[in-house]
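Colleague: Please find upload.txt (compact mmCIF, C-alpha atoms) on the next line:
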# COMPACT_ATOMS: atom_id res chain seq x y z
CA MET Z 1 146.33 72.06 113.48
CA ARG Z 2 145.90 72.95 117.14
CA GLU Z 3 148.97 73.15 119.36
CA GLY Z 4 149.21 70.09 121.58
CA SER Z 5 146.44 68.15 119.87
CA LEU Z 6 145.21 67.02 116.48
CA ASP Z 7 141.70 66.54 117.83
CA ALA Z 8 138.70 68.66 116.89
CA PRO Z 9 137.51 71.36 119.32
CA THR Z 10 135.68 69.88 122.31
CA ARG Z 11 133.02 71.82 124.19
CA HIS Z 12 132.78 71.22 127.92
CA PRO Z 13 129.37 71.27 129.64
CA LEU Z 14 128.27 74.57 131.11
CA TYR Z 15 127.85 73.96 134.84
CA TRP Z 16 125.71 77.04 135.29
CA ARG Z 17 123.97 75.79 138.42
CA ASN Z 18 127.23 75.40 140.33
CA PRO Z 19 127.52 78.31 142.82
CA ALA Z 20 131.11 78.89 141.62
CA PHE Z 21 129.69 79.91 138.23
CA TYR Z 22 128.34 83.08 139.86
CA ASP Z 23 131.37 83.81 142.06
CA ALA Z 24 132.51 87.33 141.08
CA ALA Z 25 136.12 86.86 142.21
CA LEU Z 26 136.50 83.60 140.29
CA LEU Z 27 135.00 85.19 137.19
CA GLU Z 28 137.38 88.14 137.40
CA LYS Z 29 140.35 85.78 137.72
CA GLU Z 30 139.25 83.75 134.71
CA LEU Z 31 138.60 86.88 132.63
CA GLU Z 32 142.14 88.06 133.35
CA ARG Z 33 143.60 84.65 132.46
CA VAL Z 34 141.77 84.34 129.15
CA PHE Z 35 142.24 87.99 128.21
CA ASP Z 36 145.99 87.56 128.74
CA ILE Z 37 146.00 84.57 126.35
CA CYS Z 38 143.97 86.53 123.78
CA HIS Z 39 146.31 89.52 124.10
CA GLY Z 40 149.30 87.31 123.37
CA CYS Z 41 147.66 85.78 120.30
CA ARG Z 42 145.38 88.38 118.66
CA ARG Z 43 144.21 86.05 115.88
CA CYS Z 44 140.59 87.07 116.45
CA VAL Z 45 141.10 90.82 116.00
CA ASN Z 46 138.96 90.93 112.85
CA LEU Z 47 136.02 88.82 114.05
CA CYS Z 48 133.98 91.27 116.11
CA THR Z 49 134.46 94.33 118.33
CA SER Z 50 135.14 92.41 121.57
CA PHE Z 51 138.73 91.70 120.64
CA PRO Z 52 139.67 95.17 119.33
CA THR Z 53 138.08 96.60 122.48
CA LEU Z 54 140.26 94.33 124.63
CA PHE Z 55 143.44 95.01 122.69
CA ASP Z 56 142.87 98.78 122.73
CA LEU Z 57 142.42 98.65 126.51
CA VAL Z 58 145.66 96.69 126.87
CA ASP Z 59 147.63 98.93 124.52
CA ALA Z 60 146.40 102.07 126.30
CA SER Z 61 147.29 100.75 129.77
CA LYS Z 62 150.39 101.81 131.68
CA THR Z 63 151.95 98.36 131.52
CA GLY Z 64 150.89 97.41 127.99
CA GLU Z 65 149.64 94.14 129.47
CA VAL Z 66 146.32 92.87 130.80
CA ASP Z 67 147.39 93.57 134.39
CA GLY Z 68 147.32 97.27 133.52
CA VAL Z 69 143.64 97.22 132.51
CA ALA Z 70 141.14 98.34 135.16
CA LYS Z 71 138.94 95.43 136.20
CA GLN Z 72 135.74 97.42 135.64
CA ASP Z 73 136.80 97.86 132.00
CA TYR Z 74 136.55 94.09 131.48
CA TRP Z 75 132.81 94.65 131.09
CA LYS Z 76 133.41 96.77 127.99
CA VAL Z 77 134.70 93.61 126.34
CA VAL Z 78 131.81 91.50 127.63
CA ASP Z 79 129.21 93.93 126.33
CA GLN Z 80 130.64 93.79 122.80
CA CYS Z 81 130.29 89.99 122.59
CA TYR Z 82 127.11 88.69 120.97
CA LEU Z 83 127.91 84.99 121.47
CA CYS Z 84 128.23 84.02 117.80
CA ASP Z 85 130.77 81.30 118.81
CA THR Z 86 132.84 81.92 115.67
CA CYS Z 87 136.05 82.56 117.61
CA TYR Z 88 135.72 79.19 119.34
CA MET Z 89 134.87 77.16 116.26
CA THR Z 90 137.02 78.79 113.58
CA LYS Z 91 139.91 80.78 115.01
CA CYS Z 92 141.12 80.01 118.52
CA PRO Z 93 144.04 77.53 118.73
CA TYR Z 94 143.68 77.20 122.51
CA VAL Z 95 140.21 75.68 122.86
CA PRO Z 96 139.84 72.24 124.51
CA PRO Z 97 141.48 69.75 124.31
CA HIS Z 98 144.36 72.28 124.49
CA PRO Z 99 145.46 72.49 128.14
CA TRP Z 100 144.82 76.25 128.22
CA ASN Z 101 141.10 75.43 127.90
CA VAL Z 102 139.93 78.72 126.39
CA ASP Z 103 136.21 79.03 125.74
CA PHE Z 104 135.77 82.75 125.14
CA PRO Z 105 132.03 82.66 124.30
CA HIS Z 106 131.10 80.67 127.39
CA LEU Z 107 133.24 82.93 129.54
CA MET Z 108 131.33 85.91 128.13
CA LEU Z 109 128.07 84.04 128.81
CA ARG Z 110 129.15 83.47 132.41
CA ALA Z 111 129.83 87.19 132.78
CA LYS Z 112 126.47 88.09 131.25
CA ALA Z 113 124.75 85.62 133.59
CA GLN Z 114 126.38 87.27 136.61
CA LYS Z 115 125.34 90.68 135.30
CA TYR Z 116 121.78 89.47 134.88
CA LYS Z 117 121.71 87.89 138.34
CA LYS Z 118 122.79 91.21 139.86
CA GLY Z 119 119.88 92.97 138.13
CA GLU Z 120 122.09 95.05 135.85
CA ILE Z 121 119.78 94.59 132.86
CA THR Z 122 117.62 97.27 131.26
CA PHE Z 123 113.93 97.07 130.48
CA ARG Z 124 114.84 97.34 126.81
CA ASP Z 125 117.03 94.23 126.97
CA ARG Z 126 114.32 92.25 128.75
CA LEU Z 127 111.75 93.40 126.20
CA LEU Z 128 113.83 92.62 123.10
CA SER Z 129 114.66 89.15 124.39
CA SER Z 130 110.97 88.32 125.02
CA THR Z 131 110.31 87.44 121.38
CA ASP Z 132 107.30 85.23 122.03
CA ALA Z 133 105.52 87.69 124.31
CA VAL Z 134 106.19 90.67 122.04
CA GLY Z 135 105.19 88.67 118.97
CA LYS Z 136 101.87 87.61 120.49
CA LEU Z 137 101.06 91.22 121.42
CA ALA Z 138 102.26 92.79 118.17
CA THR Z 139 100.27 90.42 115.93
CA ILE Z 140 96.89 91.07 117.53
CA PRO Z 141 94.49 92.26 114.78
CA MET Z 142 94.51 96.08 114.51
CA VAL Z 143 97.55 96.23 116.79
CA VAL Z 144 99.79 94.78 114.08
CA GLN Z 145 99.05 97.62 111.65
CA THR Z 146 99.84 100.19 114.32
CA VAL Z 147 103.10 98.51 115.32
CA ASN Z 148 104.28 98.29 111.71
CA ALA Z 149 103.35 101.92 111.05
CA VAL Z 150 105.18 103.12 114.18
CA ASN Z 151 108.28 101.16 113.24
CA LYS Z 152 108.41 103.03 109.92
CA ASN Z 153 107.63 106.49 111.28
CA LYS Z 154 110.70 108.71 111.74
CA ALA Z 155 109.28 110.73 114.62
CA ALA Z 156 108.13 107.62 116.47
CA ARG Z 157 111.49 105.94 115.90
CA GLY Z 158 113.24 108.99 117.29
CA MET Z 159 111.20 108.66 120.47
CA LEU Z 160 111.88 104.92 120.60
CA ASP Z 161 115.59 105.66 120.35
CA ALA Z 162 115.43 108.28 123.10
CA VAL Z 163 113.35 106.19 125.49
CA LEU Z 164 114.34 102.57 124.82
CA LYS Z 165 117.65 102.99 122.97
CA VAL Z 166 116.48 101.10 119.90
CA HIS Z 167 118.39 102.83 117.10
CA LYS Z 168 116.20 105.06 114.96
CA ASP Z 169 117.95 104.03 111.73
CA ARG Z 170 117.74 100.27 112.24
CA GLU Z 171 115.23 98.78 109.80
CA LEU Z 172 113.01 96.49 111.86
CA PRO Z 173 111.10 93.46 110.59
CA GLU Z 174 107.39 93.82 110.06
CA TYR Z 175 104.95 91.73 112.07
CA ALA Z 176 102.64 89.47 110.10
CA ALA Z 177 98.89 90.01 110.09
CA ARG Z 178 98.48 86.24 110.01
CA LYS Z 179 100.81 84.05 112.03
CA PHE Z 180 102.44 81.00 110.48
CA ARG Z 181 101.12 78.57 113.06
CA GLY Z 182 97.59 79.86 112.52
CA SER Z 183 97.70 79.59 108.75
CA ALA Z 184 99.81 76.51 107.95
CA ALA Z 185 98.57 73.00 107.36
CA ARG Z 186 99.23 71.16 110.62
CA SER Z 187 100.29 67.95 108.90
CA ARG Z 188 100.67 66.26 105.53
CA GLU Z 189 100.68 62.51 105.17
CA TYR Z 190 102.49 60.37 102.61
CA ALA Z 191 103.92 56.88 102.60
CA VAL Z 192 107.05 57.16 104.73
CA LYS Z 193 110.29 56.55 102.86
CA ASP Z 194 113.17 56.39 105.30
CA GLY Z 195 116.68 56.77 103.95
CA ALA Z 196 119.94 55.38 105.27
CA LYS Z 197 120.86 58.82 106.59
CA THR Z 198 117.48 60.45 107.08
CA PRO Z 199 114.13 59.70 108.70
CA GLY Z 200 111.39 60.02 106.09
CA LYS Z 201 109.12 62.22 108.18
CA VAL Z 202 109.68 65.71 109.51
CA ALA Z 203 108.51 67.71 112.53
CA VAL Z 204 108.70 71.47 111.97
CA PHE Z 205 109.61 73.78 114.85
CA SER Z 206 108.49 77.06 113.32
CA THR Z 207 110.44 79.55 115.57
CA CYS Z 208 109.26 82.93 116.84
CA TYR Z 209 110.63 84.83 113.85
CA VAL Z 210 108.87 82.71 111.23
CA ASN Z 211 105.68 82.56 113.26
CA TYR Z 212 105.36 86.29 113.89
CA ASN Z 213 107.49 88.08 111.29
CA GLU Z 214 108.04 86.12 108.08
CA PRO Z 215 105.53 83.26 107.91
CA GLY Z 216 106.27 82.92 104.20
CA ILE Z 217 109.56 81.20 105.05
CA GLY Z 218 107.65 78.53 106.95
CA HIS Z 219 105.18 78.04 104.13
CA ASP Z 220 108.07 77.71 101.68
CA LEU Z 221 109.57 74.96 103.84
CA LEU Z 222 106.26 73.09 103.95
CA GLU Z 223 105.83 73.36 100.17
CA VAL Z 224 109.32 71.95 99.58
CA LEU Z 225 108.62 69.09 101.99
CA ALA Z 226 105.30 68.37 100.29
CA HIS Z 227 106.89 68.43 96.82
CA ASN Z 228 109.38 65.82 98.02
CA GLU Z 229 106.51 63.75 99.44
CA LEU Z 230 107.86 64.06 102.95
CA PRO Z 231 105.15 63.70 105.59
CA TYR Z 232 105.34 66.46 108.16
CA VAL Z 233 103.73 67.72 111.32
CA LEU Z 234 104.00 71.05 113.08
CA VAL Z 235 105.20 70.74 116.65
CA GLU Z 236 101.99 70.69 118.69
CA LYS Z 237 102.97 73.58 120.91
CA GLU Z 238 106.16 75.59 121.03
CA ALA Z 239 107.76 78.46 122.90
CA CYS Z 240 110.84 80.51 122.07
CA CYS Z 241 113.92 78.30 121.71
CA GLY Z 242 115.66 80.40 124.39
CA MET Z 243 118.49 81.91 122.35
CA PRO Z 244 117.53 85.56 123.06
CA LYS Z 245 117.41 84.82 126.81
CA LEU Z 246 120.73 82.97 126.59
CA GLU Z 247 122.37 85.99 124.98
CA LEU Z 248 120.94 88.13 127.78
CA GLY Z 249 122.39 85.83 130.45
CA ASP Z 250 118.95 84.85 131.79
CA LEU Z 251 119.70 81.15 132.11
CA GLU Z 252 116.75 80.38 134.37
CA ALA Z 253 114.44 81.65 131.62
CA VAL Z 254 116.24 79.34 129.18
CA ALA Z 255 115.53 76.47 131.55
CA ARG Z 256 111.82 77.38 131.75
CA LEU Z 257 111.52 77.49 127.96
CA LYS Z 258 113.36 74.18 127.72
CA GLU Z 259 110.73 72.59 129.98
CA ILE Z 260 108.02 73.68 127.52
CA ASN Z 261 109.76 72.61 124.31
CA ILE Z 262 111.88 69.57 125.07
CA PRO Z 263 109.21 67.06 126.24
CA ARG Z 264 107.18 67.51 123.03
CA LEU Z 265 110.25 67.48 120.80
CA ALA Z 266 111.69 64.41 122.53
CA LYS Z 267 108.42 62.55 121.96
CA LEU Z 268 108.67 63.36 118.24
CA ALA Z 269 112.35 62.41 118.12
CA ARG Z 270 111.63 59.01 119.67
CA ALA Z 271 108.78 58.52 117.19
CA GLY Z 272 111.32 58.72 114.37
CA TYR Z 273 110.86 62.29 113.18
CA ALA Z 274 113.62 64.53 111.90
CA ILE Z 275 113.11 67.88 113.65
CA VAL Z 276 113.75 70.88 111.41
CA THR Z 277 113.86 74.58 112.26
CA PRO Z 278 114.16 77.25 109.54
CA ILE Z 279 116.26 79.66 111.66
CA PRO Z 280 119.95 78.75 112.36
CA SER Z 281 120.00 80.25 115.88
CA CYS Z 282 117.12 78.04 116.96
CA THR Z 283 118.70 74.94 115.42
CA LEU Z 284 121.94 75.76 117.24
CA MET Z 285 120.10 76.17 120.52
CA PHE Z 286 118.79 72.60 120.39
CA LYS Z 287 121.93 71.13 118.83
CA GLN Z 288 124.53 72.73 121.06
CA GLU Z 289 123.53 75.18 123.79
CA LEU Z 290 120.84 73.16 125.57
CA PRO Z 291 122.92 69.94 125.48
CA LEU Z 292 125.80 71.85 127.08
CA MET Z 293 123.52 73.35 129.73
CA PHE Z 294 121.77 70.04 130.46
CA PRO Z 295 124.37 67.36 129.64
CA ASP Z 296 122.65 64.61 131.64
CA ASP Z 297 119.12 65.11 130.27
CA ALA Z 298 118.17 62.16 128.04
CA ASP Z 299 115.34 64.08 126.40
CA VAL Z 300 117.67 66.94 125.44
CA LYS Z 301 120.07 64.40 123.94
CA ALA Z 302 117.27 62.75 121.93
CA VAL Z 303 116.26 66.13 120.51
CA GLN Z 304 119.87 67.01 119.72
CA ASP Z 305 120.29 63.80 117.72
CA ALA Z 306 117.06 64.41 115.77
CA MET Z 307 117.63 68.12 115.05
CA PHE Z 308 118.54 69.29 111.52
CA ASP Z 309 119.10 72.50 109.65
CA PRO Z 310 116.70 72.24 106.66
CA PHE Z 311 119.44 72.17 104.05
CA GLU Z 312 121.51 69.75 106.11
CA TYR Z 313 118.48 67.46 106.00
CA PHE Z 314 117.98 68.00 102.26
CA VAL Z 315 121.62 67.16 101.48
CA LEU Z 316 121.39 63.91 103.45
CA ARG Z 317 118.10 63.18 101.74
CA HIS Z 318 119.83 63.73 98.40
CA ARG Z 319 122.59 61.29 99.39
CA ASP Z 320 119.85 58.78 100.14
CA GLY Z 321 118.64 59.29 96.55
CA LEU Z 322 115.29 60.56 97.78
CA LEU Z 323 115.42 64.32 97.09
CA LYS Z 324 113.71 65.46 93.93
CA THR Z 325 115.87 67.54 91.57
CA ASP Z 326 113.18 68.38 89.03
CA PHE Z 327 114.03 72.08 89.14
CA LYS Z 328 112.16 74.15 86.57
CA GLN Z 329 113.28 77.71 87.29
CA PRO Z 330 116.92 78.94 87.16
CA LEU Z 331 117.90 81.35 89.92
CA GLY Z 332 120.50 83.33 88.00
CA LYS Z 333 123.09 85.05 90.15
CA VAL Z 334 122.67 84.54 93.89
CA SER Z 335 124.79 86.22 96.56
CA TYR Z 336 124.50 83.87 99.52
CA HIS Z 337 125.64 84.74 103.05
CA ILE Z 338 126.38 81.92 105.50
CA ALA Z 339 125.06 82.89 108.93
CA CYS Z 340 127.47 82.56 111.88
CA HIS Z 341 125.05 80.39 113.85
CA LEU Z 342 125.00 78.01 110.89
CA ARG Z 343 128.77 78.02 110.41
CA VAL Z 344 129.42 76.95 114.00
CA GLN Z 345 127.15 73.90 113.65
CA ASN Z 346 129.94 72.23 111.65
CA VAL Z 347 127.59 70.84 109.02
CA GLY Z 348 129.44 72.36 106.05
CA GLN Z 349 127.98 74.55 103.33
CA LYS Z 350 124.79 72.57 102.88
CA THR Z 351 122.64 75.43 101.60
CA LYS Z 352 125.22 76.10 98.89
CA ASP Z 353 125.29 72.40 98.00
CA ILE Z 354 121.54 72.27 97.41
CA LEU Z 355 121.23 75.58 95.55
CA SER Z 356 124.15 74.50 93.34
CA LEU Z 357 121.96 71.66 92.06
CA VAL Z 358 119.64 74.18 90.38
CA PRO Z 359 120.59 74.60 86.69
CA GLY Z 360 121.28 78.14 85.55
CA THR Z 361 122.37 79.27 89.00
CA THR Z 362 125.65 81.00 89.93
CA LEU Z 363 126.47 81.39 93.61
CA ASN Z 364 128.62 84.07 95.23
CA VAL Z 365 129.21 82.65 98.71
CA VAL Z 366 130.17 85.04 101.53
CA GLU Z 367 131.35 83.40 104.75
CA ARG Z 368 131.80 86.26 107.18
CA CYS Z 369 129.81 87.79 110.06
CA SER Z 370 127.26 90.35 108.90
CA GLY Z 371 127.42 92.13 112.26
CA HIS Z 372 123.73 92.17 113.24
CA ASP Z 373 123.35 89.14 115.48
CA GLY Z 374 119.89 88.96 117.01
CA THR Z 375 119.01 91.99 119.12
CA TRP Z 376 122.60 93.30 119.40
CA GLY Z 377 122.56 95.32 116.18
CA VAL Z 378 119.17 96.85 117.07
CA LYS Z 379 120.50 98.60 120.17
CA SER Z 380 121.52 102.24 119.85
CA GLU Z 381 124.95 101.79 121.42
CA TYR Z 382 125.91 98.95 119.06
CA PHE Z 383 124.25 99.97 115.80
CA ALA Z 384 127.32 101.76 114.39
CA ASN Z 385 129.55 98.79 115.23
CA SER Z 386 127.10 96.38 113.62
CA MET Z 387 127.27 98.35 110.38
CA LYS Z 388 131.05 98.60 110.59
CA ILE Z 389 131.45 94.85 111.05
CA GLY Z 390 129.14 94.24 108.11
CA ARG Z 391 130.83 96.53 105.57
CA PRO Z 392 133.06 93.84 104.02
CA VAL Z 393 129.99 91.60 103.70
CA PHE Z 394 127.94 94.37 102.10
CA ARG Z 395 130.67 94.91 99.49
CA GLN Z 396 131.17 91.20 98.78
CA MET Z 397 127.44 90.53 98.48
CA ALA Z 398 127.06 93.35 95.93
CA ALA Z 399 130.18 92.51 93.93
CA SER Z 400 128.53 89.98 91.59
CA GLU Z 401 125.53 92.25 90.83
CA PRO Z 402 123.18 89.47 91.95
CA ASP Z 403 119.57 88.77 91.10
CA TYR Z 404 118.98 87.55 94.64
CA ILE Z 405 120.48 88.24 98.07
CA ALA Z 406 120.04 85.38 100.51
CA SER Z 407 121.07 84.40 104.01
CA ASP Z 408 119.93 81.48 106.16
CA CYS Z 409 119.40 84.13 108.85
CA PRO Z 410 116.62 86.47 107.62
CA ILE Z 411 117.70 89.16 110.09
CA ALA Z 412 121.19 89.11 108.58
CA GLY Z 413 119.69 89.25 105.10
CA ARG Z 414 117.72 92.38 105.94
CA HIS Z 415 120.75 93.92 107.63
CA ILE Z 416 122.88 93.27 104.53
CA VAL Z 417 120.37 94.96 102.22
CA GLN Z 418 120.19 97.95 104.56
CA GLY Z 419 123.99 98.14 104.71
CA MET Z 420 124.26 98.06 100.94
CA ARG Z 421 121.61 100.77 100.59
CA ASP Z 422 123.05 102.97 103.34
CA GLY Z 423 126.45 102.64 101.66
CA GLY Z 424 125.05 104.34 98.58
CA GLN Z 425 124.59 101.23 96.45
CA GLU Z 426 121.51 100.73 94.32
CA VAL Z 427 119.99 97.45 95.44
CA LYS Z 428 118.30 95.82 92.45
CA ALA Z 429 118.52 92.29 93.83
CA GLN Z 430 115.56 90.72 95.59
CA LYS Z 431 116.11 89.56 99.19
CA ARG Z 432 114.92 85.99 99.51
CA HIS Z 433 115.49 83.28 102.10
CA PRO Z 434 117.23 80.17 100.69
CA LEU Z 435 114.06 78.13 101.36
CA THR Z 436 112.15 80.63 99.25
CA LEU Z 437 114.74 80.27 96.50
CA LEU Z 438 114.36 76.48 96.60
CA ARG Z 439 110.60 76.83 96.24
CA ILE Z 440 111.11 79.21 93.30
CA ALA Z 441 113.50 76.71 91.68
CA TYR Z 442 110.89 73.96 92.00
CA ALA Z 443 108.29 76.41 90.55
CA LEU Z 444 105.87 75.62 93.38
Once you've parsed the file, please lay out its structure as structure tokens.
Modeller:
Amino acid sequence: MREGSLDAPTRHPLYWRNPAFYDAALLEKELERVFDICHGCRRCVNLCTSFPTLFDLVDASKTGEVDGVAKQDYWKVVDQCYLCDTCYMTKCPYVPPHPWNVDFPHLMLRAKAQKYKKGEITFRDRLLSSTDAVGKLATIPMVVQTVNAVNKNKAARGMLDAVLKVHKDRELPEYAARKFRGSAARSREYAVKDGAKTPGKVAVFSTCYVNYNEPGIGHDLLEVLAHNELPYVLVEKEACCGMPKLELGDLEAVARLKEINIPRLAKLARAGYAIVTPIPSCTLMFKQELPLMFPDDADVKAVQDAMFDPFEYFVLRHRDGLLKTDFKQPLGKVSYHIACHLRVQNVGQKTKDILSLVPGTTLNVVERCSGHDGTWGVKSEYFANSMKIGRPVFRQMAASEPDYIASDCPIAGRHIVQGMRDGGQEVKAQKRHPLTLLRIAYAL
């Protein structure tokens, strides 16, 4: 129960084009107000490193209160936030409609946007957030082999750490020699069977990560759709969803990417397609962040209403009596991690619900931040914290001695395996995305 209201948390639009949004004095005043509320509560101390950083600054100050913290030290708190939104959706009792109106993640986003606008962003941060551009370059034939070799070479990684501050010990994803969008069937046609809760045809937004790094996840999704006789199309043309640029504070870049993606997606939404993305961060971008940035855009709203996490869609399809459950292969013991950007979509544990339908499958569900979060855990200055945050997850994922380790976020899954291995544990389990596990269960 939230003090002063029994209503669910309400997110206010982000009026990022209002000049007041970039007013440094107003931002500083709001940071002090919210930090003072957080200091008096401290419920979020175990979520990430932003809150311990804040509380340590307060406790070390002369007054023992927020007014004793130097204003320039506020940025130490901002830099530790990776905008997972978990504090807003799961912990904070003072979010709207509470009169204190605390939205910690959007306050951090406002601060990051001001920092970006002032040009206080490194080349490394711009590069890491340009997932589409880097992916296109890295997957050029012959270049892709070189990039993958460099990313595994200790000497080269040492130089990368020294020059770009990408931590030498962070295991990076490989780039695919053949992109998903260049190798997948563009469409598959069946007789459309709409359900009460679900459109009977699907448009797939592949995402940068699936397109350039792990195309197998996309192929697994298409095979599962085909097995369930769900007609699908790939979105005709797509750009990055904008989440990396949002986390950087480059909101104008988010707007440019929105202008590429939304018109095509809105056309599909109005044609009766369910739009599915296999990466939680991308789904969240279209479901929550873009609607809050562009609250009066009818096309954005149409896309929001048509957007589904894959397993959210499969659960609703199952409730319509239209999902096949002819599973042939048990999965054994699965340690499944729920990604933060899936948790904050408020759709429930839909991946767990579907995998639980597979006979001969035991799930160990871990609902806690793994600590990687996009590009944050790649950076040299945050790598140690990312591993520290993830330690409880590493232990819990290993506890059941699983056959498979899975997370809806493939970056988190790789981070978890690295954390287990770096912690001295022998990792016998196979890392597989939940969509891959579903395809295995169907024996496709």
Colleague: CA of Trp376 in chain Z and CA of Cys84 in chain Z are how many Å apart?
Modeller: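 Interatomic distance, CA of Trp376 in chain Z to CA of Cys84 in chain Z: 11.0 Å.
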Colleague: List as a VMD selection string the protein and nucleic acid residues near Glu214 in chain Z, meaning an atom at most 8 Å away when all atoms listed in the file are counted, but skip any in the same chain fewer than 6 places from it.
Modeller: chain Z and resid 174 to 176 180
Colleague: List as a short mmCIF file (atom, residue, chain, number, x, y, z; two decimals) with C-alpha atoms, keeping the file's coordinate frame the protein and nucleic acid residues near Arg317 in chain Z, meaning an atom at most 9 Å away when all atoms listed in the file are counted, but skip any in the same chain fewer than 4 places from it.
Modeller:
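Produced file around-v1.cif, reproduced below:
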data_model
loop_
_atom_site.label_atom_id
_atom_site.label_comp_id
_atom_site.auth_asym_id
_atom_site.auth_seq_id
_atom_site.Cartn_x
_atom_site.Cartn_y
_atom_site.Cartn_z
CA GLY Z 195 116.68 56.77 103.95
CA ALA Z 196 119.94 55.38 105.27
CA LYS Z 197 120.86 58.82 106.59
CA THR Z 198 117.48 60.45 107.08
CA PRO Z 199 114.13 59.70 108.70
CA GLY Z 200 111.39 60.02 106.09
CA GLU Z 312 121.51 69.75 106.11
CA TYR Z 313 118.48 67.46 106.00
CA GLY Z 321 118.64 59.29 96.55
CA LEU Z 322 115.29 60.56 97.78
CA LEU Z 323 115.42 64.32 97.09
#
Colleague: Would you mind listing what lies within 12 Å of Ala443 in chain Z as a count of residues only, with all atoms listed in the file counted and same-chain residues fewer than 5 positions away left out?
Modeller: 15
Colleague: Find the residues around Val393 in chain Z up to 10 Å (all atoms listed in the file counted), leave out those fewer than 5 positions away in its own chain, and share them as a PyMOL selection string.
Modeller: chain Z and resi 337+366-371+387-388+398-399+416+419-420
Colleague: Please save C-alpha atoms of the selected residues as an mmCIF file, in the coordinates of the input.
Modeller:
data_model
loop_
_atom_site.group_PDB
_atom_site.id
_atom_site.type_symbol
_atom_site.label_atom_id
_atom_site.label_comp_id
_atom_site.auth_asym_id
_atom_site.auth_seq_id
_atom_site.Cartn_x
_atom_site.Cartn_y
_atom_site.Cartn_z
ATOM 1 C CA HIS Z 337 125.640 84.740 103.050
ATOM 2 C CA VAL Z 366 130.170 85.040 101.530
ATOM 3 C CA GLU Z 367 131.350 83.400 104.750
ATOM 4 C CA ARG Z 368 131.800 86.260 107.180
ATOM 5 C CA CYS Z 369 129.810 87.790 110.060
ATOM 6 C CA SER Z 370 127.260 90.350 108.900
ATOM 7 C CA GLY Z 371 127.420 92.130 112.260
ATOM 8 C CA MET Z 387 127.270 98.350 110.380
ATOM 9 C CA LYS Z 388 131.050 98.600 110.590
ATOM 10 C CA ALA Z 398 127.060 93.350 95.930
ATOM 11 C CA ALA Z 399 130.180 92.510 93.930
ATOM 12 C CA ILE Z 416 122.880 93.270 104.530
ATOM 13 C CA GLY Z 419 123.990 98.140 104.710
ATOM 14 C CA MET Z 420 124.260 98.060 100.940
#
Colleague: Using only C-alpha atoms, what does the table of range 81-191 of chain Z residues within 10 Å of range 73-77 of chain Z look like, with each row giving the shortest atom pair and its distance in Å to one decimal, sorted by chain and ascending number, as JSON lines?
Modeller:
{"residue": "Z:Cys81", "atom": "CA", "partner": "Z:Val77", "partner_atom": "CA", "distance": 6.8}
{"residue": "Z:Met108", "atom": "CA", "partner": "Z:Val77", "partner_atom": "CA", "distance": 8.6}
{"residue": "Z:Ala111", "atom": "CA", "partner": "Z:Trp75", "partner_atom": "CA", "distance": 8.2}
{"residue": "Z:Lys112", "atom": "CA", "partner": "Z:Trp75", "partner_atom": "CA", "distance": 9.1}
{"residue": "Z:Lys115", "atom": "CA", "partner": "Z:Trp75", "partner_atom": "CA", "distance": 9.4}
Colleague: Name the residues within 12 Å of (146.0, 88.6, 125.2), counting all atoms listed in the file in the file's coordinates, and put them as an MDAnalysis selection string.
Modeller: chainID Z and resid 31:45 51:59 64:67 69 92 94 102 104
Colleague: Would you save the residues of that selection, restricted to C-alpha atoms, as a short mmCIF file (atom, residue, chain, number, x, y, z; two decimals), keeping the file's coordinate frame?
Modeller:
data_model
loop_
_atom_site.label_atom_id
_atom_site.label_comp_id
_atom_site.auth_asym_id
_atom_site.auth_seq_id
_atom_site.Cartn_x
_atom_site.Cartn_y
_atom_site.Cartn_z
CA LEU Z 31 138.60 86.88 132.63
CA GLU Z 32 142.14 88.06 133.35
CA ARG Z 33 143.60 84.65 132.46
CA VAL Z 34 141.77 84.34 129.15
CA PHE Z 35 142.24 87.99 128.21
CA ASP Z 36 145.99 87.56 128.74
CA ILE Z 37 146.00 84.57 126.35
CA CYS Z 38 143.97 86.53 123.78
CA HIS Z 39 146.31 89.52 124.10
CA GLY Z 40 149.30 87.31 123.37
CA CYS Z 41 147.66 85.78 120.30
CA ARG Z 42 145.38 88.38 118.66
CA ARG Z 43 144.21 86.05 115.88
CA CYS Z 44 140.59 87.07 116.45
CA VAL Z 45 141.10 90.82 116.00
CA PHE Z 51 138.73 91.70 120.64
CA PRO Z 52 139.67 95.17 119.33
CA THR Z 53 138.08 96.60 122.48
CA LEU Z 54 140.26 94.33 124.63
CA PHE Z 55 143.44 95.01 122.69
CA ASP Z 56 142.87 98.78 122.73
CA LEU Z 57 142.42 98.65 126.51
CA VAL Z 58 145.66 96.69 126.87
CA ASP Z 59 147.63 98.93 124.52
CA GLY Z 64 150.89 97.41 127.99
CA GLU Z 65 149.64 94.14 129.47
CA VAL Z 66 146.32 92.87 130.80
CA ASP Z 67 147.39 93.57 134.39
CA VAL Z 69 143.64 97.22 132.51
CA CYS Z 92 141.12 80.01 118.52
CA TYR Z 94 143.68 77.20 122.51
CA VAL Z 102 139.93 78.72 126.39
CA PHE Z 104 135.77 82.75 125.14
#
Colleague: Restricting the calculation to only C-alpha atoms: of Z:Gln288, Z:Met142, Z:Gly218, Z:Cys208, which residue gets closest to Ala185 in chain Z?
Modeller: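 Checking each candidate against Ala185 in chain Z, we get Z:Gly218 as the closest.
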Colleague: Please report as a Markdown table every residue of range 28-94 of chain Z lying within 12 Å of range 239-252 of chain Z, along with the nearest atom pair and their distance in Å (one decimal), using all atoms listed in the file.
Modeller:
| residue | atom | partner | partner_atom | distance |
| --- | --- | --- | --- | --- |
| Z:Val78 | CA | Z:Glu247 | CA | 11.2 |
| Z:Asp79 | CA | Z:Leu248 | CA | 10.2 |
| Z:Gln80 | CA | Z:Glu247 | CA | 11.6 |
| Z:Cys81 | CA | Z:Glu247 | CA | 9.2 |
| Z:Tyr82 | CA | Z:Glu247 | CA | 6.8 |
| Z:Leu83 | CA | Z:Glu247 | CA | 6.6 |
| Z:Cys84 | CA | Z:Glu247 | CA | 9.5 |
| Z:Asp85 | CA | Z:Glu247 | CA | 11.4 |
